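Peer 1: Got a file for you: start_33.txt, compact mmCIF, C-alpha atoms.
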```txt
# COMPACT_ATOMS: atom_id res chain seq x y z
CA GLU A 1 67.84 100.44 119.39
CA ALA A 2 71.50 99.44 119.38
CA GLN A 3 72.76 99.69 115.84
CA VAL A 4 75.43 100.58 113.34
CA THR A 5 74.23 102.91 110.62
CA GLN A 6 75.82 103.68 107.28
CA ASN A 7 75.06 106.35 104.72
CA PRO A 8 74.47 106.33 101.90
CA ARG A 9 73.20 102.80 101.34
CA TYR A 10 73.66 103.04 97.60
CA LEU A 11 75.97 105.30 95.64
CA ILE A 12 76.88 105.57 91.98
CA THR A 13 79.71 107.93 91.22
CA VAL A 14 82.39 108.62 88.62
CA THR A 15 86.10 108.05 88.69
CA GLY A 16 88.01 110.67 90.64
CA LYS A 17 85.11 112.31 92.45
CA LYS A 18 85.84 112.32 96.16
CA LEU A 19 83.27 110.67 98.37
CA THR A 20 82.67 109.84 102.01
CA VAL A 21 80.67 106.97 103.44
CA THR A 22 79.61 107.66 107.00
CA CYS A 23 79.37 105.10 109.78
CA SER A 24 77.93 105.69 113.21
CA GLN A 25 77.27 103.41 116.18
CA ASN A 26 75.25 104.10 119.32
CA MET A 27 76.66 101.31 121.52
CA ASN A 28 79.67 103.18 122.91
CA HIS A 29 81.92 100.68 121.17
CA GLU A 30 85.64 101.31 121.11
CA TYR A 31 86.52 99.25 118.05
CA MET A 32 85.29 100.14 114.59
CA SER A 33 86.23 98.72 111.25
CA TRP A 34 85.55 98.93 107.52
CA TYR A 35 85.33 95.94 105.18
CA ARG A 36 84.69 95.46 101.54
CA GLN A 37 82.91 92.42 100.21
CA ASP A 38 83.51 91.18 96.70
CA PRO A 39 82.17 88.02 95.06
CA GLY A 40 84.48 85.09 95.66
CA LEU A 41 86.76 87.07 97.97
CA GLY A 42 84.74 87.21 101.17
CA LEU A 43 85.20 90.20 103.45
CA ARG A 44 88.48 92.04 103.52
CA GLN A 45 89.36 94.54 106.19
CA ILE A 46 90.24 98.02 104.94
CA TYR A 47 90.96 99.97 108.12
CA TYR A 48 90.19 99.60 111.78
CA SER A 49 90.25 101.79 114.84
CA MET A 50 90.71 100.67 118.42
CA ASN A 51 89.73 104.01 119.86
CA VAL A 52 89.45 107.72 119.15
CA GLU A 53 92.39 109.02 117.15
CA VAL A 54 93.79 105.49 116.77
CA THR A 55 93.51 103.93 113.33
CA ASP A 56 95.40 101.19 111.57
CA LYS A 57 95.54 99.56 108.19
CA GLY A 58 93.78 96.33 107.46
CA ASP A 59 94.52 94.07 104.53
CA VAL A 60 93.42 96.33 101.68
CA PRO A 61 93.92 100.00 102.71
CA GLU A 62 95.15 101.37 99.38
CA GLY A 63 92.92 104.11 98.00
CA TYR A 64 91.05 104.65 101.27
CA LYS A 65 91.31 106.99 104.23
CA VAL A 66 89.57 106.99 107.57
CA SER A 67 89.35 109.19 110.61
CA ARG A 68 88.16 108.65 114.18
CA LYS A 69 87.60 112.00 115.79
CA GLU A 70 84.65 110.86 117.86
CA LYS A 71 83.98 107.47 119.40
CA ARG A 72 80.70 106.95 117.60
CA ASN A 73 81.75 107.90 114.05
CA PHE A 74 84.19 106.30 111.64
CA PRO A 75 83.86 107.69 108.09
CA LEU A 76 85.45 106.04 105.09
CA ILE A 77 86.90 108.45 102.56
CA LEU A 78 87.72 107.71 98.94
CA GLU A 79 89.78 110.66 97.73
CA SER A 80 89.87 109.58 94.09
CA PRO A 81 87.62 106.58 93.52
CA SER A 82 88.42 104.14 90.76
CA PRO A 83 86.29 101.38 89.19
CA ASN A 84 88.15 98.68 91.13
CA GLN A 85 86.66 100.16 94.30
CA THR A 86 83.20 99.17 93.15
CA SER A 87 82.10 96.92 95.97
CA LEU A 88 79.80 96.35 98.92
CA TYR A 89 81.15 98.09 102.01
CA PHE A 90 80.39 97.20 105.60
CA CYS A 91 81.15 99.09 108.75
CA ALA A 92 81.35 97.15 112.00
CA SER A 93 81.88 97.92 115.68
CA SER A 94 82.64 96.02 118.88
CA LEU A 95 83.42 96.62 122.53
CA TRP A 96 86.96 95.26 122.13
CA ALA A 97 89.09 96.98 124.80
CA SER A 98 86.55 96.22 127.49
CA VAL A 99 86.50 92.51 126.76
CA THR A 100 88.97 89.92 125.51
CA TYR A 101 87.32 89.26 122.19
CA ASN A 102 86.11 91.15 119.18
CA GLU A 103 82.58 90.09 118.29
CA GLN A 104 81.56 92.65 115.73
CA PHE A 105 78.19 94.16 114.91
CA PHE A 106 77.76 95.09 111.29
CA GLY A 107 76.02 97.95 109.59
CA PRO A 108 73.57 97.39 106.72
CA GLY A 109 76.16 97.90 103.99
CA THR A 110 76.81 100.50 101.29
CA ARG A 111 76.79 99.41 97.69
CA LEU A 112 79.22 101.61 95.77
CA THR A 113 79.56 101.71 92.00
CA VAL A 114 82.37 103.73 90.45
CA LEU A 115 81.95 104.36 86.73
CA GLU B 1 100.46 86.17 107.14
CA LEU B 2 97.22 84.79 108.48
CA LYS B 3 95.16 82.85 105.96
CA VAL B 4 91.69 81.46 106.57
CA GLU B 5 90.21 78.74 104.38
CA GLN B 6 86.66 77.54 104.46
CA ASN B 7 85.42 74.31 102.96
CA PRO B 8 83.24 73.79 101.12
CA LEU B 9 82.53 77.11 99.42
CA PHE B 10 79.18 75.91 98.13
CA LEU B 11 76.91 73.32 99.63
CA SER B 12 73.52 72.16 98.51
CA MET B 13 71.82 69.71 100.78
CA GLN B 14 68.48 68.17 101.55
CA GLU B 15 66.41 69.10 104.55
CA GLY B 16 66.92 66.73 107.44
CA LYS B 17 70.54 65.94 106.62
CA ASN B 18 73.61 66.70 108.71
CA TYR B 19 76.68 68.45 107.43
CA THR B 20 79.83 70.20 108.59
CA ILE B 21 81.58 73.33 107.36
CA TYR B 22 85.30 73.53 108.03
CA CYS B 23 87.42 76.57 108.77
CA ASN B 24 91.19 76.16 108.72
CA TYR B 25 93.61 78.93 109.57
CA SER B 26 97.33 79.29 109.23
CA THR B 27 98.68 80.93 112.39
CA THR B 28 98.08 80.68 116.10
CA SER B 29 94.88 82.21 117.36
CA ASP B 30 92.44 81.37 120.13
CA ARG B 31 89.66 83.68 119.02
CA LEU B 32 87.37 82.63 116.22
CA TYR B 33 83.96 83.87 115.14
CA TRP B 34 81.16 82.55 112.98
CA TYR B 35 78.78 84.86 111.13
CA ARG B 36 75.73 84.35 109.00
CA GLN B 37 74.76 86.46 106.00
CA ASP B 38 71.41 86.22 104.26
CA PRO B 39 71.22 87.29 100.60
CA GLY B 40 71.27 91.07 100.30
CA LYS B 41 71.69 91.49 104.04
CA SER B 42 74.37 92.31 106.53
CA LEU B 43 76.31 89.90 108.73
CA GLU B 44 74.95 88.55 111.97
CA SER B 45 77.13 87.12 114.72
CA LEU B 46 76.46 83.45 115.48
CA PHE B 47 79.25 82.19 117.73
CA VAL B 48 82.31 83.43 119.56
CA LEU B 49 84.90 80.73 120.32
CA LEU B 50 87.66 81.76 122.69
CA SER B 51 89.65 78.73 123.71
CA ASN B 52 90.81 75.32 122.64
CA GLY B 53 87.98 72.85 122.88
CA ALA B 54 85.30 75.52 122.99
CA VAL B 55 81.91 74.33 121.81
CA LYS B 56 78.84 76.50 121.35
CA GLN B 57 75.38 75.42 120.23
CA GLU B 58 72.35 77.34 119.09
CA GLY B 59 69.43 75.37 117.74
CA ARG B 60 70.59 73.17 114.88
CA LEU B 61 74.02 74.79 114.68
CA MET B 62 77.03 73.78 116.72
CA ALA B 63 80.48 75.34 116.46
CA SER B 64 83.75 74.04 117.88
CA LEU B 65 87.34 75.17 118.00
CA ASP B 66 90.57 73.14 118.01
CA THR B 67 93.40 75.63 118.32
CA LYS B 68 96.08 72.97 118.09
CA ALA B 69 94.79 71.81 114.73
CA ARG B 70 93.91 75.42 113.79
CA LEU B 71 90.47 74.22 112.84
CA SER B 72 86.93 75.24 113.60
CA THR B 73 83.82 73.41 112.49
CA LEU B 74 80.23 74.49 112.10
CA HIS B 75 77.96 71.48 112.27
CA ILE B 76 74.40 71.55 111.00
CA THR B 77 72.02 68.98 112.41
CA ALA B 78 68.82 68.02 110.59
CA ALA B 79 69.01 70.99 108.26
CA VAL B 80 65.94 73.10 107.56
CA HIS B 81 65.35 75.55 104.71
CA ASP B 82 65.63 78.57 107.04
CA LEU B 83 69.31 77.83 107.52
CA SER B 84 70.03 78.64 103.88
CA ALA B 85 72.56 81.48 103.99
CA THR B 86 76.26 82.19 103.61
CA TYR B 87 78.35 81.36 106.66
CA PHE B 88 81.66 83.01 107.38
CA CYS B 89 84.33 82.18 109.88
CA ALA B 90 86.70 84.92 111.01
CA VAL B 91 89.96 84.54 112.86
CA ASP B 92 91.19 87.17 115.27
CA ASN B 93 94.93 87.72 115.34
CA ASP B 94 94.71 91.42 116.12
CA LYS B 95 93.60 91.88 112.55
CA ILE B 96 90.36 90.13 111.68
CA ILE B 97 90.65 87.81 108.69
CA PHE B 98 87.50 86.32 107.19
CA GLY B 99 87.17 83.15 105.21
CA LYS B 100 85.58 83.40 101.79
CA GLY B 101 82.31 82.05 103.07
CA THR B 102 80.26 78.91 102.55
CA ARG B 103 77.07 79.40 100.60
CA LEU B 104 74.61 76.90 102.00
CA HIS B 105 71.46 76.03 100.08
CA ILE B 106 69.02 73.69 101.76
CA LEU B 107 66.49 72.09 99.50
CA PRO B 108 62.99 71.64 100.91
```
For this file, produce the structure as structure tokens.
Peer 2:
Amino acid sequence: EAQVTQNPRYLITVTGKKLTVTCSQNMNHEYMSWYRQDPGLGLRQIYYSMNVEVTDKGDVPEGYKVSRKEKRNFPLILESPSPNQTSLYFCASSLWASVTYNEQFFGPGTRLTVL
Amino acid sequence: ELKVEQNPLFLSMQEGKNYTIYCNYSTTSDRLYWYRQDPGKSLESLFVLLSNGAVKQEGRLMASLDTKARLSTLHITAAVHDLSATYFCAVDNDKIIFGKGTRLHILP
């Protein structure tokens, strides 16, 4: 089944404790992206990657890191989480370079709480 | 800076009625997407609009794009309860910018 998977789905952590949220897709997509969703703010793009070893900042990259060492994986790293990073996080992927548009397929989401 | 505004943000309507959700954006783009999100769920792609005048229809939903007016609409015809969800438009200008979403509640 074609899908985007994220782990963990739920995470409660404390301020300053490094964490990684994994994202993997099995559709051979070139484009991958991370978003956070907050009430009243919609989805905001954190980072995106157009291909392996190519990443770029979205609208709200502060406090986050990403890497794209393999095509299928795009982990989101919070080196020192803070309470304002409490949010619902979505990973998404799309074909992108192979087509002229960027219809994205979203993972199930990771609900992160930073105490 | 690209800004995307959706109107209305909340909409409660009766079954059987028609309504339109508007998506305005601030800079030139000819790629616009509509997504649906059910409560507690992820986002699902509804429509991809790629050129001025593009119109796509799926069931009771119809989306259109006017790139000159920088406006997309999502029209709901004869609404049914199953269409209750939050609808997002997203504009593609290399970066993907989402609107804040329209929470649609259809009363049976």
Peer 1: What residues have an atom no more than 12 Å from (90.1, 95.0, 123.4) in the file's own frame, counting all atoms listed in the file, and can you write them as a PyMOL selection string?
Peer 2: (chain A and resi 29-32+49-51+93-104) or (chain B and resi 92-95)
Peer 1: Near Leu78 (chain A), counting all atoms listed in the file, which residues have an atom at most 10 Å away, once you skip same-chain residues fewer than 4 positions from it, shown as an MDAnalysis selection string?
Peer 2: chainID A and resid 16:21 62:66 82 85
Peer 1: Find the distance between CA of Gln37 (chain B) and CA of Asp56 (chain A) and write it in Å to one decimal.
Peer 2: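 Between CA of Gln37 (chain B) and CA of Asp56 (chain A) the gap is 26.0 Å.
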Peer 1: Can you tell me how far CA of Phe74 (chain A) sits from CA of Ser33 (chain A), in Å to one decimal?
Peer 2: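 We find that CA of Phe74 (chain A) and CA of Ser33 (chain A) lie 7.9 Å from each other.
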Peer 1: Show me, as an mmCIF file with C-alpha atoms, keeping the file's coordinate frame, every residue of chain B with an atom at most 7 Å from chain A, counting all atoms listed in the file.
Peer 2:
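Written out: part_38.cif:
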```cif
data_model
loop_
_atom_site.group_PDB
_atom_site.id
_atom_site.type_symbol
_atom_site.label_atom_id
_atom_site.label_comp_id
_atom_site.auth_asym_id
_atom_site.auth_seq_id
_atom_site.Cartn_x
_atom_site.Cartn_y
_atom_site.Cartn_z
ATOM 1 C CA ARG B 31 89.660 83.680 119.020
ATOM 2 C CA LYS B 41 71.690 91.490 104.040
ATOM 3 C CA SER B 42 74.370 92.310 106.530
ATOM 4 C CA LEU B 43 76.310 89.900 108.730
ATOM 5 C CA VAL B 48 82.310 83.430 119.560
ATOM 6 C CA LYS B 95 93.600 91.880 112.550
ATOM 7 C CA PHE B 98 87.500 86.320 107.190
ATOM 8 C CA GLY B 99 87.170 83.150 105.210
ATOM 9 C CA LYS B 100 85.580 83.400 101.790
ATOM 10 C CA GLY B 101 82.310 82.050 103.070
#
```
Peer 1: Between CA of Asn73 (chain A) and CA of Leu2 (chain B), what is the distance in Å, rounded to a tenth?
Peer 2: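 One can read the CA of Asn73 (chain A) to CA of Leu2 (chain B) distance as 28.4 Å.
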Peer 1: Closest to His105 (chain B) among B:Trp34, B:Tyr22, B:Tyr87, B:Phe47, using all atoms listed in the file?
Peer 2: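 Residue with the minimum atom-to-atom distance to His105 (chain B): B:Tyr87.
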Peer 1: Which residues are near Pro39 (chain B)? Cut-off 10 Å, only C-alpha atoms, ignore same chain within fewer than 6 positions. Put them as a list in words.
Peer 2: Ser84, Ala85, Thr86 and Arg103 of chain B
Peer 1: Centre and edge lengths, as AutoDock Vina command-line options, for the axis-aligned box enclosing every listed atom of region 102-105 of chain B with 5 Å of padding on each of the six sides, in Å to one decimal?
Peer 2:
```
--center_x 75.9 --center_y 77.7 --center_z 101.3 --size_x 18.8 --size_y 13.4 --size_z 12.5
```
Peer 1: Using all atoms listed in the file, which of B:Val55, B:Val91, B:Leu104, B:Ile96 sits nearest Arg70 (chain B)?
Peer 2: B:Val91
Peer 1: Looking at all atoms listed in the file, which of B:Tyr33, B:Thr20, B:Phe88, B:Ile97 is the one that sits closest to Leu61 (chain B)?
Peer 2: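 Ranked by minimum distance to Leu61 (chain B), first place goes to B:Thr20.
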Peer 1: At a cut-off of 7 Å from (77.5, 98.7, 99.9) in the coordinates of the file, what residues are picked up using only C-alpha atoms, written as a PDB file with C-alpha atoms, in the coordinates of the input?
Peer 2:
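Once everything was written out, this is result24.pdb:
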```
ATOM      1  CA  ARG A   9      73.200 102.800 101.340  1.00  0.00           C
ATOM      2  CA  TYR A  10      73.660 103.040  97.600  1.00  0.00           C
ATOM      3  CA  SER A  87      82.100  96.920  95.970  1.00  0.00           C
ATOM      4  CA  LEU A  88      79.800  96.350  98.920  1.00  0.00           C
ATOM      5  CA  TYR A  89      81.150  98.090 102.010  1.00  0.00           C
ATOM      6  CA  PHE A  90      80.390  97.200 105.600  1.00  0.00           C
ATOM      7  CA  GLY A 109      76.160  97.900 103.990  1.00  0.00           C
ATOM      8  CA  THR A 110      76.810 100.500 101.290  1.00  0.00           C
ATOM      9  CA  ARG A 111      76.790  99.410  97.690  1.00  0.00           C
ATOM     10  CA  LEU A 112      79.220 101.610  95.770  1.00  0.00           C
TER      11      LEU A 112
END
```
Peer 1: Which residue, A:Thr55, A:Asn84, A:Ser67, A:Gln3, has the smallest gap to Asn28 (chain A) when you use all atoms listed in the file?
Peer 2: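 Going through A:Thr55, A:Asn84, A:Ser67, A:Gln3 one by one, the smallest distance to Asn28 (chain A) is for A:Gln3.
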Peer 1: Between B:Met62, B:Ser29, B:Leu50, B:Ser45, which has the minimum distance to Ala78 (chain B) (counting all atoms listed in the file)?
Peer 2: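 Closest to Ala78 (chain B), using all atoms listed in the file: B:Met62.
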Peer 1: Using all atoms listed in the file, which protein or nucleic acid residues come within 7 Å of Thr15 (chain A)? Drop anything in the same chain fewer than 6 positions from it, and give the result as a ChimeraX atom specification.
Peer 2: /A:80-83,114-115
Peer 1: Give me the residues near Leu107 (chain B) as a list in words, where near means some atom within 9 Å (using all atoms listed in the file) and where sequence neighbours in that chain fewer than 6 positions away do not count.
Peer 2: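 Non-adjacent residues within range: Ser12, Met13, Gln14, Glu15, Val80, His81 and Ser84 of chain B.
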